[in-house]
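What's in model27.txt: compact mmCIF, C-alpha atoms and all ligand atoms
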```
# COMPACT_ATOMS: atom_id res chain seq x y z
CA MET A 1 -108.41 125.47 -65.41
CA THR A 2 -106.97 122.19 -64.18
CA ARG A 3 -104.19 122.06 -61.62
CA LEU A 4 -101.94 120.51 -64.24
CA GLN A 5 -102.56 123.41 -66.62
CA LEU A 6 -102.04 126.01 -63.87
CA ALA A 7 -98.74 124.39 -62.90
CA PHE A 8 -97.76 124.44 -66.56
CA ALA A 9 -98.60 128.15 -66.91
CA VAL A 10 -96.61 129.07 -63.80
CA ARG A 11 -93.64 126.98 -64.96
CA LEU A 12 -93.75 128.59 -68.37
CA SER A 13 -93.88 132.10 -66.96
CA LYS A 14 -90.97 131.40 -64.58
CA ARG A 15 -88.89 130.08 -67.46
CA HIS A 16 -89.76 133.17 -69.47
CA ARG A 17 -88.72 135.45 -66.60
CA SER A 18 -85.38 133.82 -65.88
CA ALA A 19 -84.37 133.51 -69.53
CA HIS A 20 -85.10 136.97 -70.84
CA LEU A 21 -85.29 139.58 -68.11
CA PRO A 22 -82.53 141.37 -66.20
CA LYS A 23 -82.46 140.86 -62.46
CA ASN A 24 -82.89 144.52 -61.51
CA SER A 25 -85.97 146.03 -59.92
CA LEU A 26 -87.50 147.21 -63.22
CA GLY A 27 -86.88 143.76 -64.66
CA ASN A 28 -88.49 142.13 -61.63
CA PHE A 29 -91.49 144.42 -61.93
CA VAL A 30 -91.92 143.62 -65.64
CA ALA A 31 -91.41 139.93 -64.90
CA THR A 32 -94.11 140.00 -62.24
CA ILE A 33 -96.52 141.75 -64.63
CA CYS A 34 -95.69 139.19 -67.35
CA THR A 35 -96.28 136.28 -64.97
CA ARG A 36 -99.58 137.60 -63.72
CA THR A 37 -100.79 138.50 -67.20
CA LEU A 38 -99.90 135.05 -68.49
CA ILE A 39 -101.69 133.30 -65.63
CA LEU A 40 -104.71 135.60 -65.97
CA LEU A 41 -104.91 134.95 -69.72
CA SER A 42 -104.64 131.18 -69.15
CA VAL A 43 -107.34 131.32 -66.50
CA LEU A 44 -109.64 133.37 -68.74
CA LEU A 45 -108.99 131.12 -71.74
CA ASN A 46 -109.71 127.97 -69.77
CA PHE A 47 -112.69 129.55 -68.06
CA GLN A 48 -114.07 130.32 -71.50
CA ILE A 49 -113.48 126.73 -72.64
CA ILE A 50 -115.16 125.36 -69.51
CA LEU A 51 -118.13 127.72 -69.95
CA ALA A 52 -118.48 126.52 -73.53
CA LEU A 53 -118.79 122.91 -72.33
CA LYS A 54 -122.40 122.05 -71.65
CA TYR A 55 -124.24 119.21 -70.02
CA PRO A 56 -127.11 117.92 -72.15
CA GLU A 57 -130.48 119.60 -71.98
CA ILE A 58 -132.88 116.89 -70.79
CA GLU A 59 -136.45 116.41 -71.90
CA PHE A 60 -138.27 114.34 -69.26
CA ARG A 61 -141.05 112.11 -70.56
CA TYR A 62 -143.39 109.59 -69.03
CA ASP A 63 -144.80 108.49 -72.35
CA TRP A 64 -145.88 105.16 -73.86
CA ARG A 65 -142.36 103.77 -73.35
CA GLY A 66 -142.38 104.41 -69.59
CA LYS A 67 -145.95 103.11 -69.28
CA PHE A 68 -145.02 100.02 -71.30
CA ILE A 69 -142.01 99.30 -69.02
CA ASP A 70 -144.27 99.66 -65.96
CA ALA A 71 -146.92 97.35 -67.38
CA ILE A 72 -144.50 94.63 -68.52
CA GLY A 73 -142.32 94.98 -65.43
CA SER A 74 -145.15 94.46 -62.96
CA ILE A 75 -146.24 91.28 -64.79
CA PHE A 76 -142.91 89.64 -65.58
CA PHE A 77 -140.32 91.07 -63.18
CA PRO A 78 -142.04 91.69 -59.85
CA LYS A 79 -139.48 89.67 -57.93
CA SER A 80 -136.18 89.90 -59.81
CA CYS A 81 -136.39 93.65 -60.43
CA ASN A 82 -138.78 94.57 -57.63
CA PHE A 83 -141.40 96.05 -59.93
CA GLU A 84 -144.43 97.32 -58.07
CA LYS A 85 -147.88 98.31 -59.28
CA VAL A 86 -148.33 101.80 -60.63
CA ASP A 87 -151.74 103.06 -59.59
CA HIS A 88 -153.60 106.31 -60.13
CA GLU A 89 -152.52 107.68 -56.76
CA LEU A 90 -148.84 107.14 -57.54
CA LYS A 91 -149.21 108.83 -60.93
CA GLN A 92 -150.81 111.84 -59.24
CA ARG A 93 -147.97 112.08 -56.75
CA PHE A 94 -145.49 111.75 -59.61
CA GLU A 95 -147.11 114.70 -61.41
CA GLN A 96 -146.85 116.78 -58.25
CA ILE A 97 -143.25 115.85 -57.49
CA LEU A 98 -141.72 115.85 -60.98
CA PRO A 99 -141.50 119.67 -61.42
CA ARG A 100 -139.64 119.87 -58.09
CA LEU A 101 -137.19 117.18 -59.16
CA ILE A 102 -136.60 118.86 -62.53
CA THR A 103 -136.04 122.27 -60.90
CA GLN A 104 -133.44 120.74 -58.60
CA TRP A 105 -131.74 119.05 -61.52
CA LYS A 106 -131.53 122.31 -63.50
CA HIS A 107 -130.07 124.03 -60.47
CA LYS A 108 -127.50 121.34 -59.59
CA ALA A 109 -126.44 120.01 -63.01
CA PRO A 110 -124.22 123.00 -63.96
CA ILE A 111 -122.53 122.83 -60.56
CA LEU A 112 -121.86 119.08 -60.74
CA PHE A 113 -120.72 119.08 -64.36
CA GLY A 114 -118.74 122.28 -63.77
CA GLU A 115 -116.43 120.16 -61.59
CA VAL A 116 -116.22 117.43 -64.24
CA PHE A 117 -115.50 119.91 -67.03
CA SER A 118 -112.88 121.86 -65.05
CA THR A 119 -111.02 118.62 -64.27
CA PHE A 120 -111.10 117.05 -67.71
CA ASN A 121 -111.90 119.91 -70.13
CA ARG A 122 -114.20 117.58 -72.02
CA GLY A 123 -117.93 117.91 -72.61
CA PHE A 124 -120.63 115.75 -74.19
CA LYS A 125 -120.98 114.84 -77.85
CA HIS A 126 -124.71 115.61 -77.86
CA ASN A 127 -126.38 118.60 -76.24
CA LYS A 128 -129.89 117.16 -76.01
CA ARG A 129 -131.28 114.00 -74.46
CA THR A 130 -134.66 112.50 -73.76
CA ALA A 131 -135.01 110.79 -70.38
CA VAL A 132 -137.74 108.15 -70.40
CA LEU A 133 -139.18 107.95 -66.91
CA PHE A 134 -140.96 104.96 -65.40
CA LEU A 135 -142.46 104.38 -61.99
CA GLY A 136 -142.49 100.65 -61.31
CA THR A 137 -139.07 100.44 -59.73
CA THR A 138 -135.81 102.30 -59.09
CA ILE A 139 -133.30 101.48 -61.81
CA GLY A 140 -131.39 103.84 -64.06
CA TYR A 141 -129.75 103.15 -67.40
CA GLY A 142 -127.63 105.58 -69.38
CA SER A 143 -126.10 105.02 -72.79
CA ASN A 144 -125.75 106.97 -76.01
CA ASN A 145 -128.85 105.21 -77.32
CA LEU A 146 -131.10 105.28 -74.31
CA LEU A 147 -131.56 107.15 -71.04
CA LEU A 148 -134.00 105.43 -68.69
CA LEU A 149 -134.86 106.56 -65.19
CA GLY A 150 -136.93 104.35 -62.91
CA ILE A 151 -137.75 106.76 -60.10
CA ARG A 152 -140.07 104.78 -57.83
CA ALA A 153 -138.03 105.46 -54.70
CA PHE A 154 -138.29 109.21 -55.19
CA VAL A 155 -142.06 109.40 -55.66
CA ASP A 156 -143.21 106.78 -53.16
CA ALA A 157 -144.97 108.19 -50.12
CA LYS A 158 -142.30 106.80 -47.82
CA LEU A 159 -138.80 107.73 -48.93
CA TRP A 160 -136.25 104.91 -49.00
CA PRO A 161 -133.82 105.01 -46.07
CA TRP A 162 -130.69 105.42 -48.26
CA CYS A 163 -132.03 108.58 -49.92
CA ALA A 164 -130.78 111.81 -48.38
CA SER A 165 -133.75 113.61 -49.95
CA ARG A 166 -135.99 112.99 -52.98
CA GLU A 167 -134.35 115.82 -54.89
CA ASP A 168 -130.75 114.88 -54.14
CA ALA A 169 -131.38 111.19 -54.81
CA PHE A 170 -132.92 112.06 -58.18
CA VAL A 171 -130.09 114.46 -59.05
CA ASN A 172 -127.57 111.80 -58.08
CA MET A 173 -129.27 109.16 -60.22
CA LEU A 174 -129.34 111.37 -63.31
CA PHE A 175 -125.76 112.53 -62.70
CA HIS A 176 -124.70 108.87 -62.50
CA GLU A 177 -126.47 107.91 -65.74
CA LEU A 178 -125.15 110.94 -67.63
CA LEU A 179 -121.64 110.12 -66.43
CA HIS A 180 -121.99 106.76 -68.21
CA ILE A 181 -122.62 108.74 -71.39
CA TRP A 182 -119.81 111.22 -70.67
CA LEU A 183 -117.34 108.34 -70.12
CA CYS A 184 -118.46 106.73 -73.35
CA ASP A 185 -117.91 110.06 -75.18
CA ASN A 186 -114.51 110.79 -73.67
CA ILE A 187 -112.65 107.78 -72.29
CA ASP A 188 -110.71 105.30 -74.35
CA ASP A 189 -110.91 102.12 -72.27
CA THR A 190 -107.93 100.61 -74.07
CA LYS A 191 -105.68 103.38 -72.69
CA SER A 192 -106.66 102.70 -69.08
CA GLN A 193 -104.09 100.92 -66.93
CA LEU A 194 -106.71 100.37 -64.24
CA LEU A 195 -109.21 98.71 -66.56
CA LYS A 196 -106.34 96.51 -67.74
CA LYS A 197 -105.46 95.68 -64.13
CA TYR A 198 -109.06 94.76 -63.37
CA SER A 199 -109.74 92.98 -66.66
CA GLN A 200 -110.90 89.89 -64.77
CA GLU A 201 -113.76 91.80 -63.14
CA ARG A 202 -117.23 91.74 -64.71
CA ASP A 203 -117.99 94.47 -67.27
CA HIS A 204 -120.53 96.00 -64.92
CA VAL A 205 -117.83 96.44 -62.25
CA ARG A 206 -115.32 97.88 -64.70
CA SER A 207 -117.83 100.32 -66.18
CA HIS A 208 -118.34 101.84 -62.72
CA ILE A 209 -114.73 102.30 -61.58
CA HIS A 210 -114.08 105.65 -63.30
CA LEU A 211 -117.68 106.73 -62.86
CA MET A 212 -117.90 106.29 -59.11
CA ALA A 213 -114.49 107.93 -58.59
CA ILE A 214 -115.77 111.00 -60.48
CA GLN A 215 -118.91 111.05 -58.33
CA LYS A 216 -116.78 110.90 -55.20
CA MET A 217 -114.41 113.62 -56.46
CA VAL A 218 -117.27 115.97 -57.33
CA TYR A 219 -119.14 115.52 -54.03
CA LEU A 220 -115.92 116.01 -52.04
CA ARG A 221 -114.96 119.16 -53.95
CA LEU A 222 -118.42 120.62 -53.46
CA ASN A 223 -118.31 119.58 -49.81
CA ARG A 224 -121.53 117.60 -50.34
CA LEU A 225 -120.67 115.02 -47.71
CA ASP A 226 -124.37 114.25 -47.37
CA MET A 227 -124.50 113.13 -51.00
CA LEU A 228 -121.26 111.20 -50.61
CA GLY A 229 -122.78 109.53 -47.55
CA MET A 230 -125.89 108.70 -49.55
CA ILE A 231 -124.00 106.96 -52.36
CA ASP A 232 -121.72 105.25 -49.84
CA LYS A 233 -124.77 103.80 -48.09
CA PHE A 234 -126.29 102.78 -51.41
CA TYR A 235 -123.13 101.26 -52.92
CA THR A 236 -122.16 99.39 -49.74
CA GLN A 237 -125.54 98.29 -48.38
CA VAL A 238 -128.28 98.40 -50.98
CA ALA A 239 -126.74 97.93 -54.42
CA THR A 240 -125.81 94.67 -56.15
CA THR A 241 -122.42 92.95 -55.80
CA ASP A 242 -120.96 94.67 -58.88
CA TYR A 243 -121.52 98.15 -57.46
CA LYS A 244 -120.10 97.04 -54.12
CA GLN A 245 -116.99 95.67 -55.82
CA ALA A 246 -116.42 98.83 -57.90
CA TRP A 247 -116.83 101.01 -54.80
CA LYS A 248 -114.38 98.79 -52.90
CA ILE A 249 -111.78 99.14 -55.69
CA ILE A 250 -112.07 102.93 -55.54
CA ASN A 251 -112.03 103.30 -51.77
CA ASP A 252 -110.04 100.37 -50.39
CA LEU A 253 -107.75 99.18 -53.18
CA GLU A 254 -106.83 102.20 -55.34
CA GLY A 255 -107.97 105.46 -53.79
CA TYR A 256 -110.22 107.71 -55.86
CA GLU A 257 -107.39 110.17 -56.74
CA ASN A 258 -105.49 107.38 -58.52
CA VAL A 259 -108.64 106.45 -60.43
CA ILE A 260 -109.13 110.10 -61.48
CA HIS A 261 -105.50 110.18 -62.61
CA ASP A 262 -106.12 107.06 -64.67
CA CYS A 263 -109.16 108.80 -66.19
CA LEU A 264 -107.02 111.80 -67.18
CA ASN A 265 -104.53 109.45 -68.81
CA SER A 266 -107.28 107.61 -70.68
CA LEU A 267 -108.95 110.56 -72.41
CA LYS A 268 -109.67 109.99 -76.09
CA SER A 269 -107.26 111.84 -78.36
ZN ZN B 301 -124.28 102.82 -63.49
```

Would you kindly transcribe this structure into structure tokens?
Ligand SMILES: [Zn+2]
Amino acid sequence: MTRLQLAFAVRLSKRHRSAHLPKNSLGNFVATICTRTLILLSVLLNFQIILALKYPEIEFRYDWRGKFIDAIGSIFFPKSCNFEKVDHELKQRFEQILPRLITQWKHKAPILFGEVFSTFNRGFKHNKRTAVLFLGTTIGYGSNNLLLLGIRAFVDAKLWPWCASREDAFVNMLFHELLHIWLCDNIDDTKSQLLKKYSQERDHVRSHIHLMAIQKMVYLRLNRLDMLGMIDKFYTQVATTDYKQAWKIINDLEGYENVIHDCLNSLKS
């Protein structure tokens, strides 16, 4: 149940009490019961709706597509995209680590998306996705057509300094990419005052304003300051200019609560 809906339920019950019930002790007792019942019913109803919302079931595959990306990437994009060679040893480590990463994802995904669903009451259009994994570099891409996860940083022998842990960094990457899909399913960009305000920014900046604010909201609510610290380090020190600019808009120019409010006002009807 969102705070807005709870406030609405309480307001409604108060109005009901003052309009129809006598102000004697029996009336007060009945009014209290009515109020509590109404709130309880609203909570149960919303809880049911939130439970019904599901994050997509992910099938993880390192198939010909991932191998093709690795092969082409190491030949043509070694410098611009930092593709590195994928050797037998790395593939072995990947096979050892992948089940651990997937287990963590299955454990954390309902918790992370539980926060998203309880805030917005909106789920995904599709309940199944295939994530194509590749090993040459660390880049993610999420859209309704394609979900790509380059997970080099999380399988390399030496973990990158910005990663809190392999598992959390992987969970964060997949959460980020699925949020792109969730935004696409649920947000009408033309309704957003913020996207209008920042219309001069590059598309890549604008497409991360709502997304990063949701990440920040979720990690704060779950008290995962370590994960918030991890993305802060990544978005301010490691990532490209567009990520830095989007993170600056959320933290320094708007405040993430305002961005979340804009998100709520921009939901598709
Ligand atoms: Zn992104």

Q: One decimal, Å: what's the distance from atom CA of Val132 of chain A over to atom CA of Phe120 of chain A, could you say?
A: 28.2 Å

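Atom CA of Ile102 of chain A sits 20.2 Å away from atom CA of Trp182 of chain A.
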
Q. If we count all atoms listed in the file, what is near segment 210-227 of chain A at a cut-off of 7 Å, once residues fewer than 6 positions away on the same chain are taken out, given as an MDAnalysis selection string?
A. chainID A and resid 112 115 164 179:180 247 250 256 259:260 263

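Residues of protein, DNA or RNA having any atom at most 9 Å from ligand ZN 301 (chain B), counting all atoms listed in the file, are A:Gly140, A:Tyr141, A:Gly142, A:Met173, A:His176, A:Glu177, A:Leu179, A:His180, A:His204, A:Ser207, A:His208, A:Leu211, A:Met212, A:Tyr243.
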
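Pairwise distance (atom CA of Ile58 of chain A, atom CA of Lys106 of chain A) equals 9.2 Å.
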
Please, which residues in segment 161-255 of chain A fall within 12 Å of segment 84-98 of chain A when counting all atoms listed in the file, and what is the closest atom pair and distance in Å to one decimal for each, ordered by chain then residue number, as a Markdown table?
```
| residue | atom | partner | partner_atom | distance |
| --- | --- | --- | --- | --- |
| A:Arg166 | CA | A:Ile97 | CA | 9.0 |
| A:Glu167 | CA | A:Ile97 | CA | 9.3 |
| A:Phe170 | CA | A:Leu98 | CA | 10.0 |
| A:Val171 | CA | A:Leu98 | CA | 11.9 |
```
